[in-house]
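Below: one structure, written as structure tokens.
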Amino acid sequence: MSSTSHPPKFSLKLIRWFCKEELVEELQGDLEQYYSETKSNIFKGLKYWYQVFNYLRPSTLKSFKNSNSGTMFIFNPILTLRNLYRHLSTSLISLFGFTMGLVATIFLYFYIYSEVNTDAFHEDGDQIYRTLRVSEMNGTPYRIGVTSAPYANALLSDYPSDVIAVTRAAPENGLVSVGEKQFMEDDLLFADQNFFQFFSFPLAVGDKETVLSTANSAVLSQAAAEKYFGSENPIGKIIELDNEYEFIVSGVMDELPGNTHLDFSIVLSIDLLDGFDWFNGWWNNSLNTYVKVPTPQQAANLNGKLDQFMEKYMGDDFEKAGSKIGLELEPLKDIYFNNKTRYDYSQHGSFTSILTLGAVALAILFIACFNYVNLSIAQSFMRAKEVGVRKVLGGSKRRLILQFLSESLMILFFAILISIGICEFLTPVFNSFFGLEVALNWMDLNVILFFASLVFVILLSSGVYPALLLSSFKSVSILKGSKLTSGKNVGLRKALVVTQFAISIFLIVASMLISVQTNYLNSKDLGFNKEAIVLVDLNNSEIRSRRDQFKDRLMTNSNITGTTMISGEPGGFHDASSFVITGVPETHRMRTLFTDTDFFNVLGIDIVAGRNFSKEITSDQEFAVILNERSAMELGLNPQDIVGRKVTMPGWDIDNVPVIGVASDYHFSTLKDEIEPLAILCGGFHRKLAVKINLANVKDDLLFIDKTFSELAPGFPMTYEFLDDSLKELYEKEQQQAKVFSAFSALSIFLACLGIFGLAAYASQQRQKELGIRKVLGATAQQIIGLISKEFVWLVLVASCIAIPVVWYFIQKWLGGYAYRIDVMDHWYTFALGGAATIFIALITVSVKTYRAAISDPTESIRNE
């Protein structure tokens with residue numbers, strides 16, 4: 001039997017501790033056999049533990065005596081279960097609360113854990129840095145994620161004492177073919193020979209030192225290998241790129257041990273790109289450059305030298321352009337959460353979202369703990385006689401504390417088992433609904449330590465105080481019939497209820513305002529027409545060389561009302577360049593867009609001064625410039641005054657191009673950023689074709705576009721997306737946050753109402769005689785319900801007063817990340833709605849529970865009291 005087939009040692013210890021000595025050997029043998037024969041899958045552990053606890057039944061358990069010797073942690077599990085069953089409704093409320101709280105915590109923990117540990121599996125991760133170019137837009141600095149090919153070798157040769165290794169990674173897309181199988185892949189990665197030595201991406205097949213050693217080497221992920229070759233061994237097989245370049249599969253990657261900022265399924269040798277002249281130009285920035293520096297001190301020292309490095313290789317260009325670009329090192333661990341970098345090929349997460357989700361999970365768990373404490377305190381006075389009798393029979397205070405803690409632990413134990421099962425079963429549903437990628441890894445040591453600590457904290461926060469309270473009752477006073485008073489416990493219970501509902505109101509109002517902001521981002525007038533526009537990728541040399549013919553043939557279809565070629569779509573890529581304008585003393589930097597004469601007509605952007613591009617004017621099609629209003633404003637000129645001036649772009653060898661017009665400002669970037677100066681040039685390089693179609697015939701229009709594309713670029717499938725869909729993707733994180741807040745705010749209010757439901761039941765039971773007398777004296781059912789409900793409604797009102805200022809502050813901070821955002825004052829009603837909804841739900845909850853007491857026969861409660 002291999003070591004991996006042995007069951008967990010702790011399970012065998014449980015059998016030794018609790019089962020009869022004569023049965024221990026047999027039960028342990030059965031468990032070892034069961035564990036080794038159970039098929040390995042995600043449910044193996046659950047099935048095994050079910051079998052363990054199935055053996056812990058009355059017929060196998062030792063006889064636990066209520067001894068006072070008490071040096072060991074001894075309690076009676078049968079008595080514990082009996083007590084929980086006796087107070088079944090309270091136990092179920094507590095069990096459900098803990099379960100839901102743990103489900104939220106488990107799911108969000110694994111998501112947060114995977115996010116914050118992105119790229120943590122690289123062995124030399126603390127030595128790896130990405131190089132960032134540092135530029136500025138008229139005084140405002142920003143960082144650029146891409147560099148060009150020469151940076152890597154230049155850094156290695158110029159700073160040999162600091163840089164011990166370099167590697168380059170160039171994300172690309174292209175058509176990959178194997179026989180009849182063809183797929184457009186947007187996650188290709190061209191990389192240097194040492195890529196798998198530099199990083200710790202694991203290989204299932206292949207040697208990391210040689211796997212990319214030849215110019216036509218390719219390494220596939222396991223998913224890509226299966227997609228193209230099925231169950232065949234892919235090593236030595238040929239894949240074809242863009243129907244032109246052949247690569248031999250030399251390796252297969254293993255499953256990644258964690259998240260990474262690089263997204264790729266196929267790695268190709270970068271030697272293919274090295275054969276093109278453009279690749280080795282200093283200004284052709286198209287890849288990530290990584291360096292390995294041994295210590296943080298050396299990295300800081302190297303950062304101080306990089307201005308000299310840039311001056312050495314690009315000083316002449318800087319002088320010609322009238323502006324400089326810097327260089328700095330970014331630690332590998334910072335890349336994933338640095339979503340402020342522009343022109344970045346990396347995947348990114350939001351650290352703010354991580355903190356928010358963590359706080360939400362803890363808030364849900366706190367509500368469940370508060371429920372248990374509240375119900376335990378309320379129930380303690382009903383169990384006073386039990387405590388008195390047990391003390392008279394010799395039970396020590398310590399033994400009582402252990403017994404009551406065991407009840408908390410038992411509930412928590414069942415909640416953990418149920419929550420683990422729910423998470424295993426519903427994780428695919430959670431991932432789909434929230435748009436996340438969460439994998440449950442129970443065997444990770446950090447996970448085990450986290451959940452052990454979590455159980456301890458929950459037990460400490462929810463179980464210790466009720467146990468101390470119950471064990472502190474005086475047996476003589478109880479058995480004499482003296483009335484126990486709640487005293488300071490009433491204040492604690494009220495504080496816990498207020499805290500629960502404050503958390504719920506916070507989540508409800510925050511989710512409403514996040515949804516309002518998300519809707520605002522999706523519905524705001526962007527200054528152009530985003531509807532019915534299809535963006536077709538010009539992603540191969542054949543369609544790029546025939547793009548004018550492509551346009552002309554599309555316009556023969558009456559359902560297509562316009563086409564325009566663009567270097568970057570709204571919300572997408574817009575480069576930046578330095579501009580020299582006649583009559584303006586300083587060089588200014590502006591975003592750039594290269595297009596054609598149809599751009600403004602297709603997107604419906606207004607010209608506020610001068611004129612539009614014209615097909616009839618030959619010079620327009622060679623090069624002409626239209627600036628946006630923000631450009632004129634930052635230049636200190638009126639739109640009319642800038643028309644007719646000449647523009648020079650030093651970095652592009654474009655001289656004395658006329659400014660023929662000024663366009664109205666439109667949001668060509670995300671609404672998180674202010675509108676920047678933009679120069680729109682007729683001519684240049686184009687990445688996409690924007691096609692305006694008739695929405696009444698979408699299917700036929702797309703078929704026609706695809707057919708035309710296939711005829712002009714046979715062998716290449718067309719890829720496209722709708723402009724409005726691509727714009728929505730810019731705010732995917734906000735939509736995720738809104739979903740998470742909405743789901744968990746609903747869960748929080750439900751759990752809070754569960755607690756108030758139990759407390760209302762306790763209040764009704766404790767005040768049975770009072771309610772009976774009031775009914776005899778003429779009180780109506782509505783008055784009885786109002787009497788009990790009033791106390792809880794006041795508590796919710798107090799919770800509202802606490803939560804509203806806090807959520808106001810939180811939302812103002814959150815909105816600070818958006819240049820264009822809602823005014824919270826315009827949506828003041830959301831605060832009122834959140835509080836009112838919570839009060840209404842709480843009132844309904846209390847009314848449902850107190851209705852039976854309100855309509856019961858008063859003589860019964862008075863006689864039985």
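We label chains A, B, ... in the order they appear in the structure tokens, count residues from 1 in each chain, and number ligands from 1 in the order shown.
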| as a PyMOL selection string, which residues of stretch 100-229 of chain A does DSSP assign to alpha helix (DSSP H)? | chain A and resi 100-116+150-158+195-198+222-229
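You can rank A:Ala842, A:Val457, A:Ile239, A:Leu833 by their closest distance to A:Phe183 using only C-alpha atoms, and at the top of that list sits A:Ile239.
When atom CA of A:Val252 is paired with atom CA of A:Asp344, their separation reads 26.5 Å.
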Inset, instruction - as a PyMOL selection string, list the residues of stretch 286-366 of chain A assigned to strand (DSSP E) by DSSP on the backbone atoms of this structure. - result: chain A and resi 288-292+326-331
Near stretch 310-313 of chain A, within 12 Å and counting only C-alpha atoms, which residues show up once chain neighbours fewer than 5 positions away are dropped, as a PDB file with N, CA and C atoms, in the first residue's frame?
```pdb
ATOM      1  N   LEU A 132       9.111  48.824 -17.344  1.00  0.00           N
ATOM      2  CA  LEU A 132       8.015  49.714 -17.753  1.00  0.00           C
ATOM      3  C   LEU A 132       8.603  51.001 -18.315  1.00  0.00           C
ATOM      4  N   ARG A 133       8.078  51.427 -19.435  1.00  0.00           N
ATOM      5  CA  ARG A 133       8.438  52.759 -19.942  1.00  0.00           C
ATOM      6  C   ARG A 133       7.582  53.798 -19.222  1.00  0.00           C
ATOM      7  N   VAL A 134       8.178  54.933 -18.923  1.00  0.00           N
ATOM      8  CA  VAL A 134       7.486  56.000 -18.196  1.00  0.00           C
ATOM      9  C   VAL A 134       7.393  57.220 -19.109  1.00  0.00           C
ATOM     10  N   THR A 147       7.629  47.071 -24.243  1.00  0.00           N
ATOM     11  CA  THR A 147       8.915  47.588 -24.701  1.00  0.00           C
ATOM     12  C   THR A 147       9.225  46.926 -26.038  1.00  0.00           C
ATOM     13  N   PRO A 150      15.121  45.253 -28.498  1.00  0.00           N
ATOM     14  CA  PRO A 150      16.519  45.506 -28.113  1.00  0.00           C
ATOM     15  C   PRO A 150      16.750  45.740 -26.622  1.00  0.00           C
ATOM     16  N   TYR A 151      15.692  46.070 -25.858  1.00  0.00           N
ATOM     17  CA  TYR A 151      15.892  46.407 -24.449  1.00  0.00           C
ATOM     18  C   TYR A 151      16.586  45.273 -23.683  1.00  0.00           C
ATOM     19  N   ALA A 154      20.393  44.762 -24.312  1.00  0.00           N
ATOM     20  CA  ALA A 154      21.110  45.973 -23.917  1.00  0.00           C
ATOM     21  C   ALA A 154      21.230  46.062 -22.397  1.00  0.00           C
ATOM     22  N   LEU A 155      20.151  45.740 -21.680  1.00  0.00           N
ATOM     23  CA  LEU A 155      20.196  45.754 -20.213  1.00  0.00           C
ATOM     24  C   LEU A 155      21.176  44.705 -19.684  1.00  0.00           C
ATOM     25  N   ASP A 158      24.816  45.967 -20.531  1.00  0.00           N
ATOM     26  CA  ASP A 158      25.226  47.213 -19.881  1.00  0.00           C
ATOM     27  C   ASP A 158      25.348  47.077 -18.368  1.00  0.00           C
ATOM     28  N   GLY A 281      13.606  47.247 -34.013  1.00  0.00           N
ATOM     29  CA  GLY A 281      13.613  48.699 -33.884  1.00  0.00           C
ATOM     30  C   GLY A 281      13.280  49.120 -32.454  1.00  0.00           C
ATOM     31  N   TRP A 282      13.985  50.149 -31.958  1.00  0.00           N
ATOM     32  CA  TRP A 282      13.786  50.579 -30.567  1.00  0.00           C
ATOM     33  C   TRP A 282      12.383  51.126 -30.328  1.00  0.00           C
ATOM     34  N   TRP A 283      11.719  51.599 -31.361  1.00  0.00           N
ATOM     35  CA  TRP A 283      10.393  52.195 -31.164  1.00  0.00           C
ATOM     36  C   TRP A 283       9.246  51.226 -31.472  1.00  0.00           C
ATOM     37  N   ASN A 303      17.479  50.959 -10.889  1.00  0.00           N
ATOM     38  CA  ASN A 303      16.453  51.940 -11.252  1.00  0.00           C
ATOM     39  C   ASN A 303      17.048  53.328 -11.403  1.00  0.00           C
ATOM     40  N   GLY A 304      18.018  53.654 -10.548  1.00  0.00           N
ATOM     41  CA  GLY A 304      18.630  54.971 -10.605  1.00  0.00           C
ATOM     42  C   GLY A 304      19.509  55.188 -11.829  1.00  0.00           C
ATOM     43  N   LYS A 305      19.865  54.114 -12.513  1.00  0.00           N
ATOM     44  CA  LYS A 305      20.730  54.219 -13.688  1.00  0.00           C
ATOM     45  C   LYS A 305      19.969  54.211 -15.015  1.00  0.00           C
ATOM     46  N   PHE A 318      14.871  61.452 -28.574  1.00  0.00           N
ATOM     47  CA  PHE A 318      14.234  62.328 -27.591  1.00  0.00           C
ATOM     48  C   PHE A 318      14.421  63.793 -27.975  1.00  0.00           C
ATOM     49  N   GLU A 319      15.636  64.114 -28.412  1.00  0.00           N
ATOM     50  CA  GLU A 319      15.917  65.503 -28.780  1.00  0.00           C
ATOM     51  C   GLU A 319      15.099  65.912 -29.995  1.00  0.00           C
ATOM     52  N   SER A 323      10.672  65.442 -26.314  1.00  0.00           N
ATOM     53  CA  SER A 323      10.189  64.854 -25.060  1.00  0.00           C
ATOM     54  C   SER A 323      10.971  63.583 -24.789  1.00  0.00           C
ATOM     55  N   LYS A 324      10.975  63.159 -23.522  1.00  0.00           N
ATOM     56  CA  LYS A 324      11.724  61.986 -23.120  1.00  0.00           C
ATOM     57  C   LYS A 324      10.804  60.893 -22.581  1.00  0.00           C
ATOM     58  N   ILE A 325      11.322  59.681 -22.612  1.00  0.00           N
ATOM     59  CA  ILE A 325      10.643  58.534 -22.002  1.00  0.00           C
ATOM     60  C   ILE A 325      11.617  57.885 -21.033  1.00  0.00           C
ATOM     61  N   GLY A 326      11.143  57.582 -19.827  1.00  0.00           N
ATOM     62  CA  GLY A 326      11.981  56.937 -18.828  1.00  0.00           C
ATOM     63  C   GLY A 326      11.753  55.439 -18.792  1.00  0.00           C
ATOM     64  N   LEU A 327      12.450  54.777 -17.879  1.00  0.00           N
ATOM     65  CA  LEU A 327      12.340  53.331 -17.720  1.00  0.00           C
ATOM     66  C   LEU A 327      12.446  53.010 -16.234  1.00  0.00           C
ATOM     67  N   GLU A 328      11.644  52.064 -15.773  1.00  0.00           N
ATOM     68  CA  GLU A 328      11.735  51.650 -14.374  1.00  0.00           C
ATOM     69  C   GLU A 328      11.390  50.171 -14.261  1.00  0.00           C
TER      70      GLU A 328
END
```
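Near stretch 567-569 of chain A, within a cut-off of 6 Å and counting only C-alpha atoms, sit the residues Gly572, Phe573, His574, Leu593, Phe594, His686 and Arg687 of chain A, with same-chain residues fewer than 2 positions away left out.
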Just write the chosen residues, C-alpha atoms, as a short mmCIF file (atom, residue, chain, number, x, y, z; two decimals), in the first residue's frame.
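Printed below is result-v9.cif as written:
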```
data_model
loop_
_atom_site.label_atom_id
_atom_site.label_comp_id
_atom_site.auth_asym_id
_atom_site.auth_seq_id
_atom_site.Cartn_x
_atom_site.Cartn_y
_atom_site.Cartn_z
CA GLY A 572 -9.31 50.13 -27.01
CA PHE A 573 -5.80 50.91 -28.21
CA HIS A 574 -4.79 54.58 -28.72
CA LEU A 593 -5.99 57.40 -33.97
CA PHE A 594 -5.32 56.44 -37.59
CA HIS A 686 -5.27 49.94 -39.29
CA ARG A 687 -6.07 47.05 -36.95
#
```
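Considering only C-alpha atoms, the residue among A:Gly636, A:Gly834, A:Gly817, A:Pro257 positioned nearest to A:Ala799 is A:Gly834.
Of the listed residues A:Glu25, A:Glu172, A:Asp271, A:Asp317, the one whose atoms come nearest to A:Gln193 is A:Asp271, with distances taken using only C-alpha atoms.
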Set out as a Markdown table a contact list for stretch 205-276 of chain A and stretch 697-720 of chain A with a cut-off of 12 Å, giving each residue of stretch 205-276 of chain A that qualifies its closest atom pair and distance in Å to one decimal, counting only C-alpha atoms, ordered by chain and rising residue number.
```
| residue | atom | partner | partner_atom | distance |
| --- | --- | --- | --- | --- |
| A:Glu240 | CA | A:Gly715 | CA | 11.9 |
| A:Leu241 | CA | A:Phe716 | CA | 10.7 |
| A:Asp242 | CA | A:Phe716 | CA | 7.6 |
| A:Asn243 | CA | A:Gly715 | CA | 7.3 |
| A:Glu244 | CA | A:Gly715 | CA | 10.8 |
```
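Excluding A:Val116 and any residue on its chain fewer than 2 positions from it, the residues at most 10 Å away by only C-alpha atoms are Tyr111, Ile112, Tyr113, Ser114, Thr118, Asp119, Ala120, Asn259, Lys333, Tyr336, Phe337, Gly349, Ser350, Phe351 and Ile354 of chain A.
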I'd like the neighbourhood of A:Glu729 as a ChimeraX atom specification, where a residue qualifies if any of its atoms comes within 12 Å (using only C-alpha atoms), though same-chain residues fewer than 2 positions away should be ignored.
/A:435,518,521-522,571-572,670,721-727,731-736
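Omitting A:Gly786 and its sequence neighbours fewer than 6 positions away, and counting only C-alpha atoms, the residues within 10 Å are A:Thr780, A:Val793, A:Leu843, A:Val846, A:Ser847, A:Thr850, A:Ala854.
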